[in-house]
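Here is target35.cif, consisting of mmCIF, C-alpha atoms and all ligand atoms:
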data_entry
#
loop_
_atom_site.label_atom_id
_atom_site.label_comp_id
_atom_site.auth_asym_id
_atom_site.auth_seq_id
_atom_site.Cartn_x
_atom_site.Cartn_y
_atom_site.Cartn_z
CA MET Q 1 -6.93 -7.05 -26.14
CA ASN Q 2 -5.47 -3.53 -26.48
CA TYR Q 3 -5.14 -1.73 -23.20
CA ASP Q 4 -4.76 2.05 -22.77
CA TYR Q 5 -2.39 1.39 -19.85
CA ASP Q 6 -0.78 -1.60 -18.21
CA VAL Q 7 -1.15 -0.06 -14.75
CA LEU Q 8 -3.51 2.75 -13.77
CA ILE Q 9 -2.84 4.20 -10.33
CA VAL Q 10 -5.68 6.16 -8.75
CA GLY Q 11 -4.18 8.79 -6.42
CA GLY Q 12 -0.88 10.58 -6.97
CA GLY Q 13 -0.12 11.15 -3.27
CA LEU Q 14 3.06 9.94 -1.59
CA VAL Q 15 2.13 6.28 -1.94
CA GLY Q 16 0.61 6.29 -5.46
CA GLY Q 17 3.33 8.64 -6.73
CA SER Q 18 6.08 6.45 -5.27
CA LEU Q 19 4.63 3.35 -6.92
CA ALA Q 20 4.48 5.13 -10.29
CA LEU Q 21 8.16 6.07 -9.90
CA ALA Q 22 9.09 2.54 -8.84
CA LEU Q 23 7.63 1.23 -12.12
CA ALA Q 24 8.59 4.18 -14.35
CA ASP Q 25 11.68 2.52 -15.83
CA THR Q 26 9.99 -0.76 -16.70
CA ALA Q 27 8.28 -1.57 -20.00
CA LEU Q 28 4.89 -1.00 -18.33
CA ARG Q 29 2.75 1.92 -19.47
CA ILE Q 30 1.79 3.72 -16.29
CA GLY Q 31 -0.97 6.30 -15.82
CA VAL Q 32 -1.71 8.19 -12.60
CA ILE Q 33 -5.19 9.62 -12.08
CA GLU Q 34 -5.08 12.44 -9.54
CA ALA Q 35 -8.04 14.58 -8.49
CA VAL Q 36 -6.20 17.67 -7.20
CA PRO Q 37 -3.85 19.79 -9.38
CA GLU Q 38 -0.20 19.68 -8.30
CA ASP Q 39 0.08 23.35 -7.21
CA LYS Q 40 -3.00 23.03 -4.98
CA ARG Q 41 -1.74 19.78 -3.43
CA ILE Q 42 1.68 21.25 -2.66
CA ALA Q 43 0.17 24.47 -1.24
CA SER Q 44 -2.29 22.57 1.01
CA SER Q 45 -1.80 23.23 4.73
CA ALA Q 46 -1.85 19.45 5.36
CA GLY Q 47 1.62 19.45 3.76
CA ASP Q 48 2.99 21.05 6.95
CA ARG Q 49 2.66 17.79 8.88
CA ALA Q 50 6.01 16.29 9.77
CA LEU Q 51 6.40 12.61 8.96
CA ALA Q 52 8.69 10.33 10.91
CA LEU Q 53 10.29 8.04 8.38
CA ALA Q 54 11.86 4.77 9.37
CA TRP Q 55 15.36 4.12 8.05
CA GLY Q 56 13.86 1.44 5.78
CA SER Q 57 11.45 4.00 4.27
CA ALA Q 58 14.35 6.28 3.36
CA GLN Q 59 15.87 3.28 1.55
CA ILE Q 60 12.65 2.75 -0.43
CA LEU Q 61 12.39 6.47 -1.26
CA GLY Q 62 16.03 6.25 -2.38
CA GLN Q 63 15.18 3.44 -4.80
CA VAL Q 64 12.44 5.57 -6.41
CA GLY Q 65 14.79 8.58 -6.66
CA VAL Q 66 12.96 10.77 -4.14
CA TRP Q 67 15.26 10.58 -1.11
CA GLN Q 68 18.26 12.04 -2.96
CA GLY Q 69 16.52 15.44 -3.15
CA ALA Q 70 14.49 15.17 0.06
CA GLU Q 71 17.33 14.20 2.42
CA LYS Q 72 18.82 17.73 2.39
CA LYS Q 73 15.57 19.06 3.83
CA ALA Q 74 15.02 16.21 6.30
CA ALA Q 75 16.29 16.02 9.88
CA PRO Q 76 17.90 12.85 11.24
CA ILE Q 77 16.52 11.17 14.37
CA ARG Q 78 19.63 10.40 16.42
CA HIS Q 79 17.85 9.48 19.65
CA ILE Q 80 14.38 8.37 20.71
CA HIS Q 81 13.12 9.22 24.18
CA VAL Q 82 9.86 7.73 25.46
CA SER Q 83 8.39 8.93 28.75
CA ASP Q 84 5.18 8.91 30.74
CA GLN Q 85 3.91 12.15 32.30
CA GLY Q 86 3.90 11.90 36.10
CA TYR Q 87 5.92 8.66 36.24
CA PHE Q 88 9.60 7.74 36.26
CA GLY Q 89 9.67 5.18 33.46
CA LYS Q 90 11.74 6.21 30.46
CA LEU Q 91 13.04 4.47 27.40
CA ARG Q 92 15.97 5.78 25.39
CA MET Q 93 17.37 4.57 22.10
CA SER Q 94 20.27 5.97 20.14
CA ALA Q 95 21.58 5.66 16.61
CA GLU Q 96 25.13 5.45 17.90
CA ARG Q 97 24.33 2.41 20.02
CA GLU Q 98 22.68 0.77 17.01
CA GLY Q 99 25.70 1.60 14.84
CA VAL Q 100 23.70 3.61 12.28
CA PRO Q 101 23.84 7.32 11.31
CA ALA Q 102 20.14 7.81 12.15
CA LEU Q 103 17.29 5.78 13.63
CA GLY Q 104 15.02 7.47 11.11
CA TYR Q 105 14.30 10.89 9.61
CA VAL Q 106 11.72 13.63 9.85
CA ALA Q 107 10.50 15.36 6.70
CA THR Q 108 7.41 17.42 6.04
CA ALA Q 109 4.82 15.84 3.76
CA ARG Q 110 5.31 18.85 1.45
CA THR Q 111 9.05 18.18 1.02
CA LEU Q 112 8.32 14.62 -0.08
CA GLU Q 113 5.35 15.61 -2.25
CA GLU Q 114 7.41 18.23 -4.10
CA GLU Q 115 10.14 15.70 -4.77
CA VAL Q 116 7.66 13.03 -5.95
CA ALA Q 117 6.00 15.58 -8.30
CA LEU Q 118 9.38 16.66 -9.70
CA ARG Q 119 10.50 13.07 -10.38
CA LEU Q 120 7.14 12.23 -11.98
CA SER Q 121 7.42 15.26 -14.31
CA GLN Q 122 10.79 13.90 -15.50
CA SER Q 123 9.50 10.35 -15.99
CA PRO Q 124 7.52 8.65 -18.78
CA VAL Q 125 4.54 8.24 -16.42
CA THR Q 126 1.34 9.88 -17.77
CA MET Q 127 -0.34 12.17 -15.24
CA ILE Q 128 -4.08 12.43 -15.76
CA CYS Q 129 -4.82 15.43 -13.56
CA PRO Q 130 -7.07 16.94 -12.40
CA ALA Q 131 -9.37 13.97 -12.95
CA SER Q 132 -11.51 11.84 -10.67
CA VAL Q 133 -12.59 8.25 -10.96
CA ILE Q 134 -16.37 8.04 -11.11
CA GLY Q 135 -16.96 4.49 -12.34
CA LEU Q 136 -15.21 1.15 -12.39
CA LYS Q 137 -15.86 -2.24 -13.88
CA ALA Q 138 -13.34 -5.01 -13.44
CA GLY Q 139 -13.55 -8.18 -15.49
CA SER Q 140 -11.31 -11.19 -15.97
CA GLU Q 141 -9.48 -9.53 -18.93
CA ALA Q 142 -9.33 -5.83 -18.07
CA VAL Q 143 -10.45 -3.13 -15.75
CA HIS Q 144 -12.57 -0.35 -17.28
CA VAL Q 145 -12.36 3.02 -15.59
CA SER Q 146 -14.58 6.07 -16.14
CA LEU Q 147 -13.12 9.46 -15.32
CA ARG Q 148 -14.36 13.00 -15.08
CA GLU Q 149 -11.70 15.40 -16.39
CA GLY Q 150 -13.15 18.94 -16.31
CA ASN Q 151 -16.46 18.70 -18.17
CA GLU Q 152 -15.37 15.63 -20.07
CA SER Q 153 -16.02 11.97 -19.34
CA ILE Q 154 -13.23 9.61 -20.37
CA ASN Q 155 -13.12 5.82 -20.43
CA LEU Q 156 -9.83 3.95 -20.05
CA THR Q 157 -8.78 0.32 -19.82
CA ALA Q 158 -5.88 -1.26 -17.95
CA ARG Q 159 -4.53 -4.67 -16.98
CA LEU Q 160 -4.24 -3.60 -13.35
CA LEU Q 161 -5.72 -0.79 -11.30
CA VAL Q 162 -4.01 0.25 -8.08
CA ALA Q 163 -6.11 2.19 -5.57
CA ALA Q 164 -3.86 4.69 -3.79
CA ASP Q 165 -6.60 7.27 -3.35
CA GLY Q 166 -6.30 7.69 0.41
CA GLY Q 167 -8.50 7.05 3.46
CA ASN Q 168 -11.68 8.06 1.68
CA SER Q 169 -10.95 5.84 -1.33
CA THR Q 170 -13.50 6.12 -4.15
CA VAL Q 171 -12.18 2.90 -5.69
CA ARG Q 172 -12.87 0.99 -2.48
CA LYS Q 173 -16.41 2.40 -2.38
CA LEU Q 174 -17.08 1.64 -6.07
CA LEU Q 175 -15.99 -1.96 -5.50
CA GLU Q 176 -18.17 -2.12 -2.38
CA ILE Q 177 -15.25 -3.34 -0.30
CA GLY Q 178 -16.29 -2.91 3.34
CA GLN Q 179 -14.04 -1.51 6.02
CA SER Q 180 -13.64 -1.86 9.75
CA ILE Q 181 -13.46 1.47 11.50
CA ARG Q 182 -12.36 2.22 15.05
CA ASP Q 183 -13.08 5.83 15.93
CA TYR Q 184 -10.73 6.77 18.76
CA GLY Q 185 -12.80 9.90 19.49
CA GLN Q 186 -9.46 11.71 19.41
CA THR Q 187 -7.97 14.54 17.38
CA ALA Q 188 -4.30 15.12 16.61
CA ILE Q 189 -3.27 18.75 16.95
CA VAL Q 190 -0.27 19.42 14.76
CA THR Q 191 1.97 22.47 15.03
CA GLU Q 192 5.63 23.54 15.22
CA VAL Q 193 7.58 25.07 18.08
CA ASN Q 194 10.95 26.73 18.56
CA THR Q 195 12.76 25.43 21.61
CA GLY Q 196 15.07 27.09 24.14
CA LYS Q 197 17.51 24.15 24.05
CA SER Q 198 18.72 21.89 21.27
CA GLY Q 199 17.50 18.35 21.70
CA ASP Q 200 20.42 16.90 19.72
CA PHE Q 201 17.92 15.55 17.17
CA THR Q 202 16.00 13.52 19.72
CA ALA Q 203 12.45 12.43 18.89
CA TYR Q 204 10.32 12.53 22.04
CA GLU Q 205 7.21 10.46 22.58
CA ARG Q 206 5.50 11.44 25.82
CA PHE Q 207 2.42 9.68 27.07
CA THR Q 208 -0.01 11.90 28.94
CA PRO Q 209 -3.28 10.89 30.66
CA VAL Q 210 -5.32 12.25 27.73
CA GLY Q 211 -3.19 10.90 24.92
CA PRO Q 212 0.29 10.76 23.43
CA LEU Q 213 2.42 13.78 22.58
CA ALA Q 214 5.22 13.56 20.01
CA PHE Q 215 7.99 16.12 19.47
CA LEU Q 216 9.85 15.40 16.23
CA PRO Q 217 13.06 17.29 15.40
CA VAL Q 218 12.91 19.34 12.19
CA ALA Q 219 16.01 21.45 12.98
CA LYS Q 220 18.38 21.93 15.91
CA LYS Q 221 15.97 24.04 17.93
CA ARG Q 222 12.74 23.49 16.02
CA TYR Q 223 10.28 20.68 16.62
CA SER Q 224 7.11 19.47 14.99
CA VAL Q 225 4.46 18.61 17.54
CA VAL Q 226 1.72 15.99 17.21
CA TRP Q 227 -0.50 16.20 20.28
CA THR Q 228 -3.31 13.69 20.50
CA GLN Q 229 -6.30 14.76 22.56
CA LYS Q 230 -9.87 13.68 23.22
CA ALA Q 231 -11.96 15.37 20.51
CA ASP Q 232 -13.70 17.81 22.92
CA ASP Q 233 -10.46 18.80 24.66
CA ALA Q 234 -8.82 19.31 21.27
CA ALA Q 235 -11.59 21.70 20.22
CA GLU Q 236 -10.95 23.71 23.39
CA LEU Q 237 -7.17 23.76 22.84
CA LEU Q 238 -7.59 24.79 19.21
CA ALA Q 239 -9.81 27.71 20.19
CA MET Q 240 -7.35 29.03 22.84
CA PRO Q 241 -5.12 32.06 22.29
CA ASP Q 242 -1.52 31.09 21.37
CA SER Q 243 -0.10 31.94 24.81
CA ALA Q 244 -2.62 29.79 26.72
CA PHE Q 245 -2.09 26.89 24.30
CA THR Q 246 1.70 27.16 24.66
CA ASP Q 247 1.39 27.06 28.47
CA ARG Q 248 -0.71 23.90 28.29
CA LEU Q 249 1.71 22.28 25.84
CA GLN Q 250 4.71 23.22 27.99
CA SER Q 251 3.17 21.72 31.11
CA ALA Q 252 2.27 18.47 29.30
CA PHE Q 253 5.72 18.12 27.70
CA GLY Q 254 7.89 19.54 30.49
CA TYR Q 255 11.22 21.32 30.07
CA TRP Q 256 13.30 18.67 28.27
CA LEU Q 257 13.89 21.28 25.54
CA GLY Q 258 13.74 24.43 27.68
CA LYS Q 259 11.06 27.01 27.02
CA ILE Q 260 8.98 26.45 23.92
CA ALA Q 261 7.45 29.10 21.63
CA LEU Q 262 4.71 28.42 19.10
CA ALA Q 263 6.11 28.78 15.55
CA SER Q 264 3.21 27.84 13.29
CA ARG Q 265 -0.56 27.64 13.35
CA ARG Q 266 -2.41 24.68 14.84
CA GLN Q 267 -4.09 22.12 12.62
CA ALA Q 268 -6.49 19.34 13.57
CA PHE Q 269 -6.69 15.77 12.23
CA PRO Q 270 -9.50 13.52 13.56
CA LEU Q 271 -8.15 10.04 14.32
CA LYS Q 272 -9.52 6.73 13.23
CA LEU Q 273 -8.21 3.29 12.48
CA ILE Q 274 -9.67 2.25 9.15
CA ARG Q 275 -8.91 -1.02 7.49
CA ALA Q 276 -10.42 -2.28 4.24
CA GLU Q 277 -11.78 -5.81 4.34
CA ARG Q 278 -9.83 -6.92 1.27
CA MET Q 279 -6.52 -5.86 -0.21
CA ALA Q 280 -7.13 -7.40 -3.64
CA ASP Q 281 -10.07 -7.82 -5.97
CA GLU Q 282 -10.49 -8.70 -9.65
CA ARG Q 283 -7.62 -6.73 -11.34
CA VAL Q 284 -7.56 -4.23 -8.48
CA VAL Q 285 -5.28 -3.88 -5.49
CA LEU Q 286 -5.47 -1.39 -2.58
CA ILE Q 287 -2.35 0.20 -1.10
CA GLY Q 288 -1.44 2.97 1.38
CA ASN Q 289 -4.23 4.77 3.20
CA ALA Q 290 -6.81 3.38 0.76
CA MET Q 291 -6.13 0.04 2.50
CA HIS Q 292 -5.18 1.17 6.02
CA GLN Q 293 -5.43 4.48 7.82
CA LEU Q 294 -3.68 4.48 11.19
CA HIS Q 295 -3.41 6.63 14.29
CA PRO Q 296 -0.24 8.74 13.91
CA VAL Q 297 0.91 7.84 17.45
CA ALA Q 298 3.62 5.49 16.25
CA GLY Q 299 4.29 7.31 12.95
CA GLN Q 300 3.63 4.20 10.90
CA GLY Q 301 1.06 5.12 8.19
CA LEU Q 302 3.36 6.23 5.41
CA ASN Q 303 6.06 3.76 6.45
CA LEU Q 304 3.56 0.94 5.99
CA GLY Q 305 2.34 2.42 2.68
CA LEU Q 306 5.88 2.59 1.34
CA ARG Q 307 6.39 -1.07 2.21
CA ASP Q 308 3.20 -1.81 0.20
CA VAL Q 309 4.81 0.05 -2.71
CA ALA Q 310 8.13 -1.77 -2.46
CA MET Q 311 6.57 -5.24 -2.24
CA LEU Q 312 4.10 -4.62 -5.08
CA ALA Q 313 6.80 -3.14 -7.31
CA GLU Q 314 9.16 -6.05 -6.64
CA MET Q 315 6.46 -8.62 -7.41
CA LEU Q 316 5.29 -6.79 -10.56
CA VAL Q 317 8.82 -6.50 -11.91
CA ALA Q 318 9.41 -10.23 -11.33
CA ARG Q 319 6.06 -11.11 -12.93
CA LEU Q 320 6.84 -8.93 -15.94
CA ALA Q 321 10.18 -10.68 -16.42
CA PHE Q 322 8.26 -13.97 -16.85
CA GLY Q 323 5.81 -12.33 -19.26
CA GLU Q 324 2.86 -13.23 -17.04
CA ASP Q 325 -0.42 -11.33 -16.58
CA ILE Q 326 0.15 -8.62 -13.96
CA GLY Q 327 -3.55 -8.26 -13.12
CA GLU Q 328 -4.41 -11.89 -12.57
CA ARG Q 329 -6.35 -12.43 -9.37
CA THR Q 330 -4.23 -15.24 -7.89
CA PHE Q 331 -1.14 -13.07 -8.35
CA LEU Q 332 -2.82 -10.14 -6.56
CA GLU Q 333 -3.91 -12.47 -3.79
CA ARG Q 334 -0.31 -13.63 -3.41
CA TYR Q 335 0.69 -9.98 -3.00
CA ALA Q 336 -2.07 -9.51 -0.37
CA GLN Q 337 -0.83 -12.58 1.49
CA ALA Q 338 2.74 -11.30 1.41
CA ARG Q 339 1.66 -7.99 3.01
CA GLN Q 340 -0.72 -9.45 5.61
CA ALA Q 341 1.69 -10.13 8.49
CA ASP Q 342 3.30 -6.67 8.36
CA LEU Q 343 -0.11 -4.99 8.22
CA ASP Q 344 -1.48 -7.03 11.15
CA ARG Q 345 1.61 -6.38 13.25
CA VAL Q 346 1.64 -2.60 12.69
CA ILE Q 347 -2.11 -2.29 13.33
CA ARG Q 348 -1.81 -4.33 16.55
CA PHE Q 349 1.19 -2.31 17.70
CA THR Q 350 -0.40 1.08 16.94
CA ASP Q 351 -3.80 0.20 18.34
CA SER Q 352 -2.48 -1.24 21.60
CA THR Q 353 -0.11 1.71 22.05
CA VAL Q 354 -3.06 4.11 21.77
CA ARG Q 355 -5.17 2.11 24.20
CA ILE Q 356 -2.51 1.34 26.81
CA PHE Q 357 -1.12 4.86 26.84
CA SER Q 358 -4.39 6.78 26.68
CA THR Q 359 -5.41 5.88 30.20
CA ASP Q 360 -4.61 7.25 33.63
CA PHE Q 361 -6.27 4.27 35.33
CA ALA Q 362 -3.58 3.67 37.98
CA PRO Q 363 -2.85 -0.08 37.53
CA VAL Q 364 -2.45 0.29 33.77
CA ALA Q 365 -0.33 3.41 34.15
CA LEU Q 366 1.92 1.67 36.70
CA ALA Q 367 2.25 -1.43 34.55
CA ARG Q 368 3.20 0.52 31.43
CA ASN Q 369 5.67 2.50 33.49
CA ALA Q 370 7.27 -0.62 34.86
CA GLY Q 371 7.39 -1.82 31.25
CA LEU Q 372 9.26 1.29 30.10
CA LEU Q 373 11.75 1.00 32.97
CA ALA Q 374 12.31 -2.70 32.36
CA LEU Q 375 12.70 -2.26 28.62
CA ASP Q 376 15.21 0.57 29.10
CA ARG Q 377 17.42 -1.85 31.05
CA PHE Q 378 16.81 -4.89 28.89
CA LEU Q 379 19.20 -4.52 25.97
CA PRO Q 380 17.94 -7.28 23.62
CA GLY Q 381 14.35 -5.98 23.99
CA LYS Q 382 15.50 -2.43 23.38
CA ARG Q 383 17.50 -3.44 20.35
CA LEU Q 384 14.46 -5.20 18.94
CA LEU Q 385 12.39 -2.05 19.46
CA ALA Q 386 15.08 0.12 17.84
CA GLN Q 387 15.18 -2.25 14.86
CA TYR Q 388 11.40 -2.00 14.70
CA ALA Q 389 11.53 1.82 14.81
CA MET Q 390 14.03 1.74 11.94
CA GLY Q 391 11.68 -0.47 9.93
CA LEU Q 392 14.26 -3.24 9.83
CA GLY Q 393 11.93 -6.01 10.98
CA ASN Q 394 11.03 -6.25 7.32
CA ARG Q 395 13.19 -7.16 4.35
CA ILE Q 396 13.40 -4.17 2.00
CA PRO Q 397 12.22 -5.39 -1.42
CA ARG Q 398 14.36 -4.42 -4.43
CA PHE Q 399 12.73 -3.41 -7.68
CA GLY Q 400 15.21 -1.07 -9.36
C1 LIG Q 501 -1.24 14.25 11.82
C2 LIG Q 501 -0.63 13.11 11.05
C3 LIG Q 501 0.68 12.72 11.31
C4 LIG Q 501 1.24 11.63 10.63
N1 LIG Q 501 2.51 11.25 10.93
C5 LIG Q 501 3.05 10.19 10.29
C6 LIG Q 501 4.39 9.80 10.56
O1 LIG Q 501 5.08 10.38 11.40
N2 LIG Q 501 4.92 8.74 9.87
C7 LIG Q 501 4.17 8.05 8.94
O2 LIG Q 501 4.69 7.07 8.36
N3 LIG Q 501 2.90 8.41 8.66
C8 LIG Q 501 2.33 9.46 9.30
N4 LIG Q 501 1.06 9.85 8.99
C9 LIG Q 501 0.31 9.10 7.96
C10 LIG Q 501 0.65 9.55 6.53
O3 LIG Q 501 0.47 10.95 6.40
C11 LIG Q 501 -0.25 8.80 5.54
O4 LIG Q 501 -0.20 7.43 5.83
C12 LIG Q 501 0.19 9.01 4.10
O5 LIG Q 501 0.27 10.37 3.77
C13 LIG Q 501 -0.83 8.32 3.17
O6 LIG Q 501 -0.47 8.51 1.83
P1 LIG Q 501 -1.41 8.00 0.66
O7 LIG Q 501 -0.71 8.41 -0.60
O8 LIG Q 501 -1.78 6.58 0.86
O9 LIG Q 501 -2.79 8.80 0.81
P2 LIG Q 501 -3.09 10.38 0.58
O10 LIG Q 501 -1.94 11.20 1.06
O11 LIG Q 501 -4.42 10.58 1.20
O12 LIG Q 501 -3.17 10.52 -1.00
C14 LIG Q 501 -4.30 10.14 -1.75
C15 LIG Q 501 -4.30 10.88 -3.08
O13 LIG Q 501 -5.40 10.41 -3.88
C16 LIG Q 501 -6.09 11.52 -4.46
N5 LIG Q 501 -7.49 11.11 -4.67
C17 LIG Q 501 -8.44 10.88 -3.74
N6 LIG Q 501 -9.59 10.48 -4.33
C18 LIG Q 501 -9.37 10.44 -5.67
C19 LIG Q 501 -10.16 10.09 -6.81
N7 LIG Q 501 -11.45 9.69 -6.70
N8 LIG Q 501 -9.61 10.16 -8.05
C20 LIG Q 501 -8.33 10.56 -8.19
N9 LIG Q 501 -7.52 10.90 -7.13
C21 LIG Q 501 -8.03 10.84 -5.90
C22 LIG Q 501 -5.93 12.64 -3.43
O14 LIG Q 501 -6.07 13.93 -4.03
C23 LIG Q 501 -4.49 12.40 -2.92
O15 LIG Q 501 -3.52 13.07 -3.69
C24 LIG Q 501 0.47 10.93 9.65
C25 LIG Q 501 -0.84 11.34 9.37
C26 LIG Q 501 -1.39 12.41 10.07
C27 LIG Q 501 -2.81 12.83 9.76
#

Represent the structure from my file as structure tokens, please.
Amino acid sequence: MNYDYDVLIVGGGLVGGSLALALADTALRIGVIEAVPEDKRIASSAGDRALALAWGSAQILGQVGVWQGAEKKAAPIRHIHVSDQGYFGKLRMSAEREGVPALGYVATARTLEEEVALRLSQSPVTMICPASVIGLKAGSEAVHVSLREGNESINLTARLLVAADGGNSTVRKLLEIGQSIRDYGQTAIVTEVNTGKSGDFTAYERFTPVGPLAFLPVAKKRYSVVWTQKADDAAELLAMPDSAFTDRLQSAFGYWLGKIALASRRQAFPLKLIRAERMADERVVLIGNAMHQLHPVAGQGLNLGLRDVAMLAEMLVARLAFGEDIGERTFLERYAQARQADLDRVIRFTDSTVRIFSTDFAPVALARNAGLLALDRFLPGKRLLAQYAMGLGNRIPRFG
């Protein structure tokens, strides 16, 4: 059979775009179907959100040629400081102690998106944009995709379709793959602040009775803030004048960084844990947020998505070398199996962090505090956590 493409990727976001780049130099014909034109995507205010990237994610972005340009605009995380408002427990980790230049990095989504778009424009990957998937039929030989591109309807065939179309995935809906959803009833307020003192590139995670508060370094005296709140409280905070909001933020965070001043507008992201019931189907595989959408508390969503990319790219490259069918179901199920443990672990970790740290019920608060104190003094445990934060619990697949 003649296929229009070997691999069609639906969604040219950070995950879909990275996969396209990972496969760009192979013999595979790659097409990316993206609904939103590049200039609109890059200009979107959601691009302001700062992403904490594990050291392992920077390695993956390096393999796809994105990190080389993005690193200049990213800030290193040299220390991590975890604390609990109103309690003594603290946990500190440092890059120096781990013998690495950085525990991770912070980059805005826009910085990474710009770099992905630039690399794609220089690659042989075909961008089909703006176009949306409206129909899908997967059979044992090929997957047939119907698109709407402007007023036109287009039909394409491929050996493999990769759904990287985000948390509201159309592909997942068309395939009637169910999902489990946990609505935390929380909203993340995202903004940036200038600080009175330099935090020496420390990332702060502070647990407050209403939810976690993260300060991520973007420059010496500038921090990106992700403040998780109950949905109703978030609405109130979002409606406040800047000065009142800053006062509330300062009292929740404290004076670790001196006096803080609001430096950008506030944005709201409702928080849910969404997990698709299957990762693979006939000639279709789900990656990134299309498969799993996490609470940003532990900064794991993109990190997990990039590990999906790296594993899938490595397995596809190996399969190609043996001249075997890259869309065959048993192969895709092997990929799903290979990703299962990492996915389960990250979801468990993120979900329990949200639940344990979103309570001021005294026994739980005391127990978590004792845990922070104990962990800070227990070097092997701390090292394990630092390795986890760096994304080193996982082997980094090689596909280049
Ligand atoms: C406030 C906040 C803070 C976060 N902080 C972190 C962090 O510190 N670290 C971290 O690792 N992660 C973090 N995340 C998570 C991270 O942003 C996401 O996991 C990541 O951006 C998901 O990328 P994606 O490419 O899978 O999905 P998306 O970014 O949603 O991309 C999907 C793409 O598919 C396109 N699309 C959708 N439907 C169609 C269709 N029918 N046809 C064609 N194209 C379509 C969309 O236009 C889009 O370009 C955070 C998230 C939030 C909300």

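Here atom CA of Glu314 of chain Q and atom CA of Ile30 of chain Q stand 15.6 Å from one another.
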
Determine, using only C-alpha atoms, which residues of segment 165-246 of chain Q have any atom at most 6 Å from an atom of segment 259-280 of chain Q, and tabulate each with its shortest atom pair and distance in Å to one decimal place, rows ordered by chain and then rising number, as a Markdown table.
| residue | atom | partner | partner_atom | distance |
| --- | --- | --- | --- | --- |
| Q:Gly178 | CA | Q:Glu277 | CA | 5.5 |
| Q:Gln179 | CA | Q:Ala276 | CA | 4.1 |
| Q:Ser180 | CA | Q:Arg275 | CA | 5.3 |
| Q:Ile181 | CA | Q:Ile274 | CA | 4.5 |
| Q:Arg182 | CA | Q:Leu273 | CA | 5.0 |
| Q:Asp183 | CA | Q:Lys272 | CA | 4.6 |
| Q:Tyr184 | CA | Q:Lys272 | CA | 5.7 |
| Q:Gln186 | CA | Q:Leu271 | CA | 5.5 |
| Q:Thr187 | CA | Q:Pro270 | CA | 4.2 |
| Q:Ala188 | CA | Q:Phe269 | CA | 5.0 |
| Q:Ile189 | CA | Q:Ala268 | CA | 4.7 |
| Q:Val190 | CA | Q:Gln267 | CA | 5.1 |
| Q:Thr191 | CA | Q:Arg266 | CA | 4.9 |
| Q:Glu192 | CA | Q:Ala263 | CA | 5.3 |
| Q:Val193 | CA | Q:Leu262 | CA | 4.5 |
| Q:Asn194 | CA | Q:Ala261 | CA | 5.2 |
| Q:Thr195 | CA | Q:Ile260 | CA | 4.5 |
| Q:Gly196 | CA | Q:Lys259 | CA | 4.9 |

> Using only C-alpha atoms and all ligand atoms, which protein or nucleic acid residues are at most 7 Å from ligand LIG 501 (chain Q), as a ChimeraX atom specification?
Replying inline: /Q:10-16,33-36,41,49-53,131-134,164-171,188,190,226,269,287-290,293-294,296,299-305

Neighbours of Thr26 of chain Q within 12 Å (all atoms listed in the file; same-chain residues fewer than 4 positions away dropped), as an mmCIF file with C-alpha atoms, in the coordinates of the input?
data_model
loop_
_atom_site.group_PDB
_atom_site.id
_atom_site.type_symbol
_atom_site.label_atom_id
_atom_site.label_comp_id
_atom_site.auth_asym_id
_atom_site.auth_seq_id
_atom_site.Cartn_x
_atom_site.Cartn_y
_atom_site.Cartn_z
ATOM 1 C CA ASP Q 6 -0.780 -1.600 -18.210
ATOM 2 C CA VAL Q 7 -1.150 -0.060 -14.750
ATOM 3 C CA LEU Q 19 4.630 3.350 -6.920
ATOM 4 C CA ALA Q 20 4.480 5.130 -10.290
ATOM 5 C CA LEU Q 21 8.160 6.070 -9.900
ATOM 6 C CA ALA Q 22 9.090 2.540 -8.840
ATOM 7 C CA ILE Q 30 1.790 3.720 -16.290
ATOM 8 C CA SER Q 123 9.500 10.350 -15.990
ATOM 9 C CA PRO Q 124 7.520 8.650 -18.780
ATOM 10 C CA VAL Q 125 4.540 8.240 -16.420
ATOM 11 C CA ALA Q 313 6.800 -3.140 -7.310
ATOM 12 C CA GLU Q 314 9.160 -6.050 -6.640
ATOM 13 C CA LEU Q 316 5.290 -6.790 -10.560
ATOM 14 C CA VAL Q 317 8.820 -6.500 -11.910
ATOM 15 C CA ALA Q 318 9.410 -10.230 -11.330
ATOM 16 C CA ARG Q 319 6.060 -11.110 -12.930
ATOM 17 C CA LEU Q 320 6.840 -8.930 -15.940
ATOM 18 C CA ALA Q 321 10.180 -10.680 -16.420
ATOM 19 C CA PHE Q 399 12.730 -3.410 -7.680
ATOM 20 C CA GLY Q 400 15.210 -1.070 -9.360
#

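Note that the spacing between atom CA of Val284 of chain Q and atom CA of Arg159 of chain Q amounts to 9.0 Å.
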